[in-house]
>>> print(open('upload.pdb').read())   # PDB, C-alpha atoms and all ligand atoms
ATOM      1  CA  MET A   6      50.577  76.216 102.287
ATOM      2  CA  ARG A   7      51.569  79.486 100.672
ATOM      3  CA  ARG A   8      54.796  79.642  98.692
ATOM      4  CA  VAL A   9      56.545  82.610  97.154
ATOM      5  CA  VAL A  10      59.045  82.305  94.310
ATOM      6  CA  PHE A  11      61.526  85.111  94.742
ATOM      7  CA  ASN A  12      64.756  86.399  93.246
ATOM      8  CA  GLN A  13      65.456  90.069  92.588
ATOM      9  CA  LYS A  14      67.366  89.134  89.455
ATOM     10  CA  GLY A  15      65.278  89.224  86.293
ATOM     11  CA  GLY A  16      64.833  86.292  83.946
ATOM     12  CA  VAL A  17      65.961  83.517  86.302
ATOM     13  CA  GLY A  18      62.768  81.502  85.864
ATOM     14  CA  LYS A  19      60.459  82.758  88.644
ATOM     15  CA  SER A  20      57.311  82.776  86.511
ATOM     16  CA  THR A  21      58.182  79.532  84.723
ATOM     17  CA  ILE A  22      58.823  77.718  88.005
ATOM     18  CA  THR A  23      55.757  79.179  89.777
ATOM     19  CA  CYS A  24      53.357  78.191  87.009
ATOM     20  CA  ASN A  25      54.792  74.761  86.344
ATOM     21  CA  LEU A  26      54.959  73.685  89.990
ATOM     22  CA  ALA A  27      51.461  75.077  90.579
ATOM     23  CA  ALA A  28      50.237  73.126  87.521
ATOM     24  CA  VAL A  29      51.799  69.909  88.828
ATOM     25  CA  GLY A  30      50.062  70.294  92.196
ATOM     26  CA  ALA A  31      46.745  71.167  90.558
ATOM     27  CA  ALA A  32      46.990  68.100  88.304
ATOM     28  CA  LYS A  33      47.438  65.984  91.452
ATOM     29  CA  GLY A  34      44.121  67.271  92.748
ATOM     30  CA  LEU A  35      45.322  70.098  95.002
ATOM     31  CA  ARG A  36      43.091  73.174  94.761
ATOM     32  CA  THR A  37      45.655  75.730  93.633
ATOM     33  CA  LEU A  38      45.817  79.501  93.237
ATOM     34  CA  VAL A  39      48.587  81.439  91.484
ATOM     35  CA  VAL A  40      48.872  85.067  92.600
ATOM     36  CA  ASP A  41      50.731  87.136  90.020
ATOM     37  CA  LEU A  42      52.319  90.168  91.679
ATOM     38  CA  ASP A  43      54.427  91.240  88.700
ATOM     39  CA  SER A  44      53.093  94.049  86.508
ATOM     40  CA  GLN A  45      54.683  92.288  83.494
ATOM     41  CA  ALA A  46      51.857  89.739  84.029
ATOM     42  CA  ASN A  47      53.911  86.835  82.655
ATOM     43  CA  SER A  48      52.306  84.190  84.873
ATOM     44  CA  THR A  49      48.865  85.565  84.033
ATOM     45  CA  ARG A  50      49.668  85.296  80.314
ATOM     46  CA  TYR A  51      51.173  81.822  80.762
ATOM     47  CA  LEU A  52      48.156  80.330  82.549
ATOM     48  CA  LEU A  53      45.272  82.321  81.074
ATOM     49  CA  GLY A  54      46.574  83.154  77.592
ATOM     50  CA  ALA A  55      47.471  86.462  75.940
ATOM     51  CA  GLN A  56      43.802  87.407  75.478
ATOM     52  CA  ALA A  57      43.373  87.533  79.273
ATOM     53  CA  VAL A  58      46.009  90.258  79.561
ATOM     54  CA  GLN A  59      44.448  92.292  76.762
ATOM     55  CA  ALA A  60      40.839  91.800  77.953
ATOM     56  CA  ASP A  61      38.600  94.840  77.701
ATOM     57  CA  PRO A  62      37.394  95.613  80.319
ATOM     58  CA  PRO A  63      40.504  94.305  82.110
ATOM     59  CA  LEU A  64      40.103  91.267  84.358
ATOM     60  CA  ALA A  65      39.859  92.158  88.029
ATOM     61  CA  GLY A  66      42.928  90.861  89.853
ATOM     62  CA  VAL A  67      45.633  91.765  92.326
ATOM     63  CA  ALA A  68      45.675  95.475  91.405
ATOM     64  CA  GLU A  69      41.928  95.804  91.991
ATOM     65  CA  PHE A  70      42.256  93.951  95.287
ATOM     66  CA  PHE A  71      44.923  96.394  96.483
ATOM     67  CA  ASP A  72      42.976  99.326  95.086
ATOM     68  CA  GLN A  73      40.004  98.283  97.214
ATOM     69  CA  SER A  74      42.268  98.300 100.262
ATOM     70  CA  LEU A  75      43.042 101.977  99.582
ATOM     71  CA  LYS A  76      39.412 103.029  99.432
ATOM     72  CA  PHE A  77      36.789 103.178 102.090
ATOM     73  CA  THR A  78      33.966 100.953 100.898
ATOM     74  CA  VAL A  79      31.003  99.898 102.980
ATOM     75  CA  LYS A  80      30.735  96.587 101.211
ATOM     76  CA  GLU A  81      34.151  95.141 100.400
ATOM     77  CA  LEU A  82      34.277  92.544  97.636
ATOM     78  CA  GLY A  83      35.478  89.103  98.761
ATOM     79  CA  MET A  84      38.715  87.697  97.361
ATOM     80  CA  GLU A  85      36.748  85.458  94.952
ATOM     81  CA  ALA A  86      35.993  88.619  92.964
ATOM     82  CA  PHE A  87      39.672  88.905  92.028
ATOM     83  CA  VAL A  88      40.238  85.288  90.998
ATOM     84  CA  VAL A  89      39.879  83.848  87.479
ATOM     85  CA  PRO A  90      39.657  80.105  86.695
ATOM     86  CA  SER A  91      42.312  78.802  84.290
ATOM     87  CA  PRO A  92      41.567  76.210  81.580
ATOM     88  CA  PHE A  93      43.283  73.612  83.805
ATOM     89  CA  ALA A  94      41.423  71.701  86.534
ATOM     90  CA  ASN A  95      41.941  72.961  90.104
ATOM     91  CA  LEU A  96      44.033  75.921  88.951
ATOM     92  CA  ASP A  97      42.916  79.526  89.450
ATOM     93  CA  VAL A  98      44.806  82.771  88.904
ATOM     94  CA  MET A  99      44.729  86.154  90.571
ATOM     95  CA  PRO A 100      45.847  88.125  87.526
ATOM     96  CA  ALA A 101      48.385  90.944  87.411
ATOM     97  CA  SER A 102      48.198  94.036  85.260
ATOM     98  CA  SER A 103      50.207  97.200  84.586
ATOM     99  CA  ARG A 104      47.937  98.951  87.117
ATOM    100  CA  LEU A 105      50.176  97.462  89.810
ATOM    101  CA  ASP A 106      52.853 100.007  88.847
ATOM    102  CA  GLU A 107      50.423 102.911  89.223
ATOM    103  CA  LEU A 108      49.374 101.784  92.695
ATOM    104  CA  HIS A 109      52.824 100.989  94.025
ATOM    105  CA  SER A 110      53.783 104.269  95.711
ATOM    106  CA  LYS A 111      50.323 104.798  97.204
ATOM    107  CA  LEU A 112      50.316 101.330  98.733
ATOM    108  CA  GLU A 113      53.792 101.820 100.116
ATOM    109  CA  SER A 114      53.046 105.189 101.684
ATOM    110  CA  ARG A 115      49.772 103.954 103.200
ATOM    111  CA  TYR A 116      51.531 100.920 104.690
ATOM    112  CA  LYS A 117      49.345  98.194 103.216
ATOM    113  CA  ILE A 118      52.090  95.589 103.528
ATOM    114  CA  TYR A 119      49.999  93.091 105.568
ATOM    115  CA  LYS A 120      46.913  93.249 103.338
ATOM    116  CA  LEU A 121      47.933  90.394 101.078
ATOM    117  CA  ARG A 122      48.700  88.084 103.979
ATOM    118  CA  LYS A 123      45.321  88.681 105.573
ATOM    119  CA  ALA A 124      43.525  88.163 102.279
ATOM    120  CA  LEU A 125      45.361  84.947 101.436
ATOM    121  CA  GLU A 126      44.813  83.612 104.950
ATOM    122  CA  ALA A 127      41.095  84.067 104.352
ATOM    123  CA  LEU A 128      41.436  81.864 101.249
ATOM    124  CA  GLY A 129      42.967  79.022 103.278
ATOM    125  CA  ASP A 130      39.724  76.999 103.156
ATOM    126  CA  THR A 131      39.294  77.483  99.418
ATOM    127  CA  TYR A 132      42.787  76.479  98.289
ATOM    128  CA  ASP A 133      45.202  73.735  99.327
ATOM    129  CA  ARG A 134      48.164  75.560  97.781
ATOM    130  CA  ILE A 135      48.806  79.206  96.962
ATOM    131  CA  TRP A 136      51.790  80.155  94.770
ATOM    132  CA  ILE A 137      52.971  83.746  94.530
ATOM    133  CA  ASP A 138      55.038  84.995  91.598
ATOM    134  CA  THR A 139      57.029  88.164  92.288
ATOM    135  CA  PRO A 140      58.592  90.913  90.163
ATOM    136  CA  PRO A 141      62.381  91.174  89.729
ATOM    137  CA  ALA A 142      62.721  93.776  92.491
ATOM    138  CA  LEU A 143      62.554  94.029  96.249
ATOM    139  CA  ASN A 144      59.578  96.359  96.291
ATOM    140  CA  PHE A 145      56.232  96.623  98.090
ATOM    141  CA  TYR A 146      54.786  93.645  96.212
ATOM    142  CA  THR A 147      57.735  91.357  96.861
ATOM    143  CA  ARG A 148      57.765  92.276 100.556
ATOM    144  CA  SER A 149      53.990  91.722 100.769
ATOM    145  CA  ALA A 150      54.511  88.277  99.241
ATOM    146  CA  LEU A 151      57.350  87.360 101.618
ATOM    147  CA  ILE A 152      55.146  88.417 104.536
ATOM    148  CA  ALA A 153      52.160  86.470 103.151
ATOM    149  CA  ALA A 154      54.011  83.189 102.510
ATOM    150  CA  ASP A 155      55.203  80.382 104.724
ATOM    151  CA  GLY A 156      57.648  78.947 102.198
ATOM    152  CA  CYS A 157      60.091  80.611  99.835
ATOM    153  CA  LEU A 158      61.727  79.101  96.753
ATOM    154  CA  ILE A 159      64.686  80.845  95.136
ATOM    155  CA  PRO A 160      65.465  80.141  91.477
ATOM    156  CA  PHE A 161      69.173  80.133  90.642
ATOM    157  CA  ASP A 162      70.392  80.449  87.054
ATOM    158  CA  CYS A 163      73.928  79.044  87.476
ATOM    159  CA  ASP A 164      75.680  82.374  87.032
ATOM    160  CA  ASP A 165      78.517  83.530  89.303
ATOM    161  CA  PHE A 166      77.009  86.997  89.847
ATOM    162  CA  SER A 167      73.760  85.310  90.831
ATOM    163  CA  ARG A 168      75.606  83.126  93.311
ATOM    164  CA  GLN A 169      77.119  86.178  94.971
ATOM    165  CA  ALA A 170      73.771  87.989  94.972
ATOM    166  CA  LEU A 171      72.184  84.986  96.668
ATOM    167  CA  TYR A 172      73.734  85.830 100.024
ATOM    168  CA  GLY A 173      72.276  89.326 100.044
ATOM    169  CA  LEU A 174      68.964  87.853  99.038
ATOM    170  CA  LEU A 175      69.005  85.303 101.858
ATOM    171  CA  ASP A 176      69.803  88.147 104.286
ATOM    172  CA  GLU A 177      66.733  90.019 103.044
ATOM    173  CA  VAL A 178      64.600  86.943 103.701
ATOM    174  CA  LYS A 179      66.143  86.583 107.157
ATOM    175  CA  ASP A 180      65.419  90.242 108.025
ATOM    176  CA  LEU A 181      61.852  89.887 106.847
ATOM    177  CA  ARG A 182      61.412  86.715 108.883
ATOM    178  CA  GLU A 183      62.740  88.396 112.026
ATOM    179  CA  ASP A 184      60.774  91.604 111.623
ATOM    180  CA  HIS A 185      57.491  90.485 110.073
ATOM    181  CA  ASN A 186      56.971  86.794 109.424
ATOM    182  CA  PRO A 187      58.483  84.133 111.704
ATOM    183  CA  ASP A 188      56.740  81.415 109.629
ATOM    184  CA  LEU A 189      58.776  82.137 106.508
ATOM    185  CA  ALA A 190      61.087  79.222 105.655
ATOM    186  CA  VAL A 191      63.508  79.072 102.755
ATOM    187  CA  GLN A 192      62.309  75.764 101.327
ATOM    188  CA  GLY A 193      65.023  75.596  98.751
ATOM    189  CA  ILE A 194      67.056  76.864  95.858
ATOM    190  CA  VAL A 195      65.762  75.738  92.468
ATOM    191  CA  VAL A 196      68.567  75.301  89.953
ATOM    192  CA  ASN A 197      67.305  76.406  86.542
ATOM    193  CA  GLN A 198      68.762  76.311  83.014
ATOM    194  CA  PHE A 199      71.365  73.819  84.232
ATOM    195  CA  GLN A 200      73.844  72.630  81.604
ATOM    196  CA  PRO A 201      74.877  69.134  82.648
ATOM    197  CA  ARG A 202      77.848  69.005  80.275
ATOM    198  CA  ALA A 203      79.436  72.326  81.278
ATOM    199  CA  LYS A 204      81.923  72.480  84.183
ATOM    200  CA  LEU A 205      81.119  75.884  85.690
ATOM    201  CA  PRO A 206      77.400  75.381  86.505
ATOM    202  CA  ALA A 207      78.168  72.137  88.347
ATOM    203  CA  GLU A 208      80.918  73.884  90.316
ATOM    204  CA  LEU A 209      78.676  76.806  91.237
ATOM    205  CA  VAL A 210      75.894  74.510  92.448
ATOM    206  CA  GLN A 211      78.431  72.423  94.376
ATOM    207  CA  GLN A 212      79.658  75.587  96.135
ATOM    208  CA  LEU A 213      76.098  76.348  97.240
ATOM    209  CA  THR A 214      75.685  72.817  98.568
ATOM    210  CA  ASP A 215      79.059  72.971 100.341
ATOM    211  CA  GLU A 216      77.996  76.173 102.048
ATOM    212  CA  GLY A 217      75.008  74.311 103.446
ATOM    213  CA  LEU A 218      72.356  75.976 101.288
ATOM    214  CA  PRO A 219      69.246  73.884 100.626
ATOM    215  CA  VAL A 220      69.660  73.110  96.917
ATOM    216  CA  LEU A 221      66.654  71.159  95.655
ATOM    217  CA  GLN A 222      66.761  68.171  93.297
ATOM    218  CA  PRO A 223      66.401  67.630  90.437
ATOM    219  CA  TYR A 224      67.984  70.533  88.580
ATOM    220  CA  LEU A 225      65.948  71.978  85.713
ATOM    221  CA  VAL A 226      67.750  71.834  82.392
ATOM    222  CA  SER A 227      67.346  74.330  79.605
ATOM    223  CA  SER A 228      64.940  73.407  76.830
ATOM    224  CA  VAL A 229      63.372  75.211  73.873
ATOM    225  CA  LYS A 230      60.106  73.514  74.903
ATOM    226  CA  VAL A 231      59.781  76.104  77.684
ATOM    227  CA  ARG A 232      59.373  78.902  75.117
ATOM    228  CA  GLU A 233      56.770  76.833  73.284
ATOM    229  CA  SER A 234      55.006  76.176  76.565
ATOM    230  CA  HIS A 235      54.799  79.937  77.281
ATOM    231  CA  GLN A 236      53.724  80.715  73.750
ATOM    232  CA  GLN A 237      50.942  78.125  73.796
ATOM    233  CA  ALA A 238      49.924  79.121  77.351
ATOM    234  CA  LYS A 239      50.224  75.513  78.510
ATOM    235  CA  PRO A 240      52.401  74.448  81.450
ATOM    236  CA  MET A 241      54.876  71.708  80.554
ATOM    237  CA  ILE A 242      52.868  68.809  82.036
ATOM    238  CA  HIS A 243      49.939  69.766  79.811
ATOM    239  CA  LEU A 244      52.007  70.537  76.717
ATOM    240  CA  ASP A 245      54.173  67.422  76.791
ATOM    241  CA  PRO A 246      53.777  65.253  79.914
ATOM    242  CA  LYS A 247      56.571  62.857  78.912
ATOM    243  CA  HIS A 248      59.150  65.603  78.289
ATOM    244  CA  LYS A 249      62.203  65.443  80.571
ATOM    245  CA  LEU A 250      61.402  68.887  82.005
ATOM    246  CA  SER A 251      57.792  67.896  82.739
ATOM    247  CA  GLU A 252      59.126  64.918  84.651
ATOM    248  CA  ALA A 253      61.666  67.151  86.395
ATOM    249  CA  PHE A 254      58.942  69.579  87.498
ATOM    250  CA  GLN A 255      56.965  66.660  88.924
ATOM    251  CA  ALA A 256      59.978  65.260  90.761
ATOM    252  CA  LEU A 257      60.862  68.741  92.024
ATOM    253  CA  PHE A 258      57.307  69.249  93.301
ATOM    254  CA  ASN A 259      57.429  65.905  95.140
ATOM    255  CA  SER A 260      60.749  66.882  96.736
ATOM    256  CA  LEU A 261      59.302  70.062  98.278
ATOM    257  CA  PRO A 262      58.751  70.100 102.037
ATOM    258  CA  GLY A 263      55.147  69.120 102.730
ATOM    259  CA  GLU A 264      54.490  67.543  99.344
ATOM    260  CA  ALA A 265      55.487  63.962 100.010
ATOM    261  CA  GLU A 266      52.172  63.306 101.787
ATOM    262  CA  PRO A 267      49.276  61.862  99.818
ATOM    263  CA  THR A 268      47.302  64.407  97.806
ATOM    264  CA  PRO A 269      43.498  64.641  98.312
ATOM    265  CA  ALA A 270      42.944  62.393  95.262
ATOM    266  CA  ARG A 271      45.355  59.754  96.514
ATOM    267  CA  ARG A 272      43.963  60.006 100.050
ATOM    268  CA  LYS A 273      40.454  59.425  98.738
ATOM    269  CA  ALA A 274      41.551  56.404  96.736
ATOM    270  CA  ALA A 275      43.425  55.008  99.736
ATOM    271  CA  SER A 276      40.494  55.415 102.143
ATOM    272  CA  LYS A 277      38.155  53.867  99.571
ATOM    273  CA  LYS A 278      40.395  50.813  99.368
ATOM    274  CA  ARG A 279      40.335  50.451 103.120
ATOM    275  CA  TRP A 280      36.537  50.163 103.210
ATOM    276  CA  ASP A 281      36.158  48.024 100.070
TER     277      ASP A 281
HETATM  278  N1  LIG B 301      64.461  75.753  81.943
HETATM  279  C1  LIG B 301      64.351  76.658  80.952
HETATM  280  N2  LIG B 301      64.718  76.337  79.676
HETATM  281  C2  LIG B 301      64.631  77.249  78.686
HETATM  282  N3  LIG B 301      64.177  78.494  78.826
HETATM  283  C3  LIG B 301      63.797  78.870  80.072
HETATM  284  C4  LIG B 301      63.858  77.978  81.192
HETATM  285  N4  LIG B 301      63.412  78.645  82.293
HETATM  286  C5  LIG B 301      63.093  79.884  81.872
HETATM  287  N5  LIG B 301      63.322  80.024  80.556
HETATM  288  C6  LIG B 301      63.119  81.222  79.715
HETATM  289  O1  LIG B 301      63.817  82.292  80.328
HETATM  290  C7  LIG B 301      63.055  83.473  80.262
HETATM  291  C8  LIG B 301      62.827  84.014  81.664
HETATM  292  O2  LIG B 301      62.003  83.107  82.379
HETATM  293  P1  LIG B 301      60.911  83.640  83.394
HETATM  294  O3  LIG B 301      60.060  84.659  82.735
HETATM  295  O4  LIG B 301      60.266  82.455  83.998
HETATM  296  O5  LIG B 301      61.869  84.355  84.440
HETATM  297  P2  LIG B 301      61.468  85.392  85.575
HETATM  298  O6  LIG B 301      62.482  85.253  86.666
HETATM  299  O7  LIG B 301      60.056  85.233  85.940
HETATM  300  O8  LIG B 301      61.677  86.765  84.795
HETATM  301  P3  LIG B 301      61.263  88.226  85.355
HETATM  302  O9  LIG B 301      62.275  88.550  86.399
HETATM  303  O10 LIG B 301      61.341  89.123  84.158
HETATM  304  O11 LIG B 301      59.883  88.099  85.912
HETATM  305  C9  LIG B 301      61.767  83.129  79.523
HETATM  306  O12 LIG B 301      61.904  83.501  78.191
HETATM  307  C10 LIG B 301      61.657  81.629  79.655
HETATM  308  O13 LIG B 301      61.017  81.056  78.553
HETATM  309 MG    MG B 302      58.520  86.640  85.977
END
>>> encode(input="upload.pdb", output="structure tokens")
Amino acid sequence: MRRVVFNQKGGVGKSTITCNLAAVGAAKGLRTLVVDLDSQANSTRYLLGAQAVQADPPLAGVAEFFDQSLKFTVKELGMEAFVVPSPFANLDVMPASSRLDELHSKLESRYKIYKLRKALEALGDTYDRIWIDTPPALNFYTRSALIAADGCLIPFDCDDFSRQALYGLLDEVKDLREDHNPDLAVQGIVVNQFQPRAKLPAELVQQLTDEGLPVLQPYLVSSVKVRESHQQAKPMIHLDPKHKLSEAFQALFNSLPGEAEPTPARRKAASKKRWD
């Protein structure tokens, strides 16, 4: 299962949601990879720490993978060469770096849009879940991610402009599905920074639901803990497992299509019981 978290609008919670849902799945025993396609490298920093982004020499990651696709090499490096383990069990990262910006126009002009899909397909035996974080733009990297994924989550920040932009965004996904990736399903809209006591956010979310859009439950509230979680490079379930947002991320993960089934750990325990 490969999921992309996508919204062209900046600061709506893409990186926060990607990393926290990936961390929840990994903690359940699912072998998980986070692919960071944003040159800001926020997910990389969140899961590997600030030192990973400043490493000298830089960590090999997504940019080096794409760079390899531009060159003719007799012996191509396997995808494992571009993956870094995180401090959390079952959770690896394909790091981003500012080199992604330098490569962008070359990749676009050489039409390397299917490279990521092929590469991530080859990792299907290594990982149970792959999460892709995207930049706040509809560029080569975002399109590559939408072509590489089979599920798409769209964070929504309870703003009226965002609600209007959502329709254009869903059209983009539809076009991409028709032209390039029939497997791509919009798995849901993730409501972020929800203010339960304010009237407008509830109305905006209700409008989305009334229009038949797949709004996922529960909504994620705003909390200062998120900043702390980024700063300490620890996803919420590791920073404070009993926090209401940690519980919300777990409930949200369980509500995703395909996640209600037993995880490998639970399956193992269940089959053990049967034979005991
Ligand atoms: N539920 C939340 N509560 C409080 N702060 C949050 C929450 N979700 C996100 N934030 C904060 O909002 C900011 C933007 O979040 P994030 O970086 O995840 O968004 P993004 O969509 O990935 O941004 P960009 O488009 O720049 O990549 C961050 O400072 C983050 O700490
Ligand atoms: Mg981001």
>>> residues_around(input="upload.pdb", residues="stretch 34-44 of chain A", least_positions_apart="2", cutoff="8 Å", atoms="all atoms listed in the file", output="PyMOL selection string")
chain A and resi 23-24+27+30-32+46-49+67+95-106+131-140+146-147+268-270
>>> closest_residue(input="upload.pdb", among="A:Asn25, A:Val88, A:Phe199, A:Ala170", to="A:Val231", atoms="all atoms listed in the file")
A:Asn25
>>> resolve_selection(input="upload.pdb", expression="the PyMOL selection byres (((not hetatm)) within 6 of (chain B and resi 301))", output="JSON, numbers by chain")
{"A": [14, 15, 16, 17, 18, 19, 20, 21, 140, 141, 197, 198, 225, 226, 227, 228, 229, 231, 232]}
>>> closest_residue(input="upload.pdb", among="A:Val191, A:Leu143, A:Asn259, A:Gly66", to="A:Asp155", atoms="all atoms listed in the file")
A:Val191
>>> atom_distance(input="upload.pdb", atom1="atom CA of A:Phe70", atom2="atom CA of A:Leu128")
13.5 Å
>>> residues_around(input="upload.pdb", residues="A:Pro187", least_positions_apart="4", cutoff="12 Å", atoms="all atoms listed in the file", output="tab-separated table (two decimals) with C-alpha atoms, in the coordinates of the input")
chain	number	residue	atom	x	y	z
A	151	LEU	CA	57.35	87.36	101.62
A	152	ILE	CA	55.15	88.42	104.54
A	153	ALA	CA	52.16	86.47	103.15
A	154	ALA	CA	54.01	83.19	102.51
A	155	ASP	CA	55.20	80.38	104.72
A	156	GLY	CA	57.65	78.95	102.20
A	178	VAL	CA	64.60	86.94	103.70
A	179	LYS	CA	66.14	86.58	107.16
A	180	ASP	CA	65.42	90.24	108.02
A	181	LEU	CA	61.85	89.89	106.85
A	182	ARG	CA	61.41	86.72	108.88
A	183	GLU	CA	62.74	88.40	112.03
A	191	VAL	CA	63.51	79.07	102.76
>>> closest_residue(input="upload.pdb", among="A:Met6, A:Leu26, A:Ala127, A:Cys163", to="A:Ala207", atoms="only C-alpha atoms")
A:Cys163
>>> closest_residue(input="upload.pdb", among="A:Ile22, A:Leu175, A:Ala28, A:Val89", to="ligand MG 302 (chain B)", atoms="all atoms listed in the file")
A:Ile22
>>> residues_around(input="upload.pdb", residues="A:Gln237", least_positions_apart="4", cutoff="9 Å", atoms="all atoms listed in the file", output="VMD selection string")
chain A and resid 51 54 232 to 233 244
>>> atom_distance(input="upload.pdb", atom1="atom CA of A:Val220", atom2="atom CA of A:Gly193")
5.6 Å
>>> residues_around(input="upload.pdb", residues="A:Leu257", least_positions_apart="2", cutoff="8 Å", atoms="only C-alpha atoms", output="tab-separated table (two decimals) with C-alpha atoms, keeping the file's coordinate frame")
chain	number	residue	atom	x	y	z
A	26	LEU	CA	54.96	73.68	89.99
A	221	LEU	CA	66.65	71.16	95.66
A	222	GLN	CA	66.76	68.17	93.30
A	223	PRO	CA	66.40	67.63	90.44
A	253	ALA	CA	61.67	67.15	86.40
A	254	PHE	CA	58.94	69.58	87.50
A	255	GLN	CA	56.96	66.66	88.92
A	259	ASN	CA	57.43	65.90	95.14
A	260	SER	CA	60.75	66.88	96.74
A	261	LEU	CA	59.30	70.06	98.28
>>> closest_residue(input="upload.pdb", among="A:Ala203, A:Val58, A:Leu125, A:Ala142", to="ligand MG 302 (chain B)", atoms="only C-alpha atoms and all ligand atoms")
A:Ala142
>>> closest_residue(input="upload.pdb", among="A:Leu75, A:Glu107, A:Pro62, A:Pro160", to="ligand MG 302 (chain B)", atoms="all atoms listed in the file")
A:Pro160
>>> atom_distance(input="upload.pdb", atom1="atom CA of A:Pro90", atom2="atom CA of A:Ala57")
11.1 Å
>>> build_atoms(input="upload.pdb", residues="stretch 40-55 of chain A", atoms="N, CA, C and O atoms", output="tab-separated table (two decimals), in the frame of the given file")
chain	number	residue	atom	x	y	z
A	40	VAL	N	49.03	83.62	92.45
A	40	VAL	CA	48.87	85.07	92.60
A	40	VAL	C	50.02	85.72	91.85
A	40	VAL	O	51.20	85.47	92.15
A	41	ASP	N	49.70	86.51	90.84
A	41	ASP	CA	50.73	87.14	90.02
A	41	ASP	C	50.93	88.58	90.49
A	41	ASP	O	50.08	89.44	90.28
A	42	LEU	N	52.07	88.83	91.12
A	42	LEU	CA	52.32	90.17	91.68
A	42	LEU	C	53.22	91.02	90.78
A	42	LEU	O	53.64	92.09	91.19
A	43	ASP	N	53.51	90.53	89.59
A	43	ASP	CA	54.43	91.24	88.70
A	43	ASP	C	53.64	91.97	87.61
A	43	ASP	O	52.86	91.33	86.88
A	44	SER	N	53.86	93.27	87.49
A	44	SER	CA	53.09	94.05	86.51
A	44	SER	C	53.38	93.61	85.06
A	44	SER	O	52.61	93.94	84.16
A	45	GLN	N	54.45	92.85	84.84
A	45	GLN	CA	54.68	92.29	83.49
A	45	GLN	C	53.63	91.24	83.15
A	45	GLN	O	53.45	90.89	81.99
A	46	ALA	N	52.96	90.70	84.17
A	46	ALA	CA	51.86	89.74	84.03
A	46	ALA	C	52.25	88.48	83.25
A	46	ALA	O	51.44	87.90	82.54
A	47	ASN	N	53.49	88.02	83.41
A	47	ASN	CA	53.91	86.84	82.66
A	47	ASN	C	53.20	85.56	83.11
A	47	ASN	O	52.82	84.74	82.28
A	48	SER	N	53.02	85.39	84.40
A	48	SER	CA	52.31	84.19	84.87
A	48	SER	C	50.85	84.22	84.44
A	48	SER	O	50.26	83.19	84.10
A	49	THR	N	50.26	85.41	84.47
A	49	THR	CA	48.86	85.56	84.03
A	49	THR	C	48.74	85.13	82.57
A	49	THR	O	47.85	84.36	82.20
A	50	ARG	N	49.67	85.62	81.75
A	50	ARG	CA	49.67	85.30	80.31
A	50	ARG	C	49.91	83.80	80.10
A	50	ARG	O	49.29	83.17	79.26
A	51	TYR	N	50.79	83.24	80.91
A	51	TYR	CA	51.17	81.82	80.76
A	51	TYR	C	49.97	80.91	81.08
A	51	TYR	O	49.73	79.94	80.37
A	52	LEU	N	49.23	81.24	82.12
A	52	LEU	CA	48.16	80.33	82.55
A	52	LEU	C	46.80	80.67	81.96
A	52	LEU	O	45.94	79.79	81.84
A	53	LEU	N	46.60	81.93	81.59
A	53	LEU	CA	45.27	82.32	81.07
A	53	LEU	C	45.29	82.67	79.59
A	53	LEU	O	44.25	82.87	78.98
A	54	GLY	N	46.47	82.80	79.01
A	54	GLY	CA	46.57	83.15	77.59
A	54	GLY	C	46.69	84.66	77.39
A	54	GLY	O	46.30	85.44	78.26
A	55	ALA	N	47.21	85.05	76.23
A	55	ALA	CA	47.47	86.46	75.94
A	55	ALA	C	46.18	87.27	75.96
A	55	ALA	O	46.16	88.43	76.38
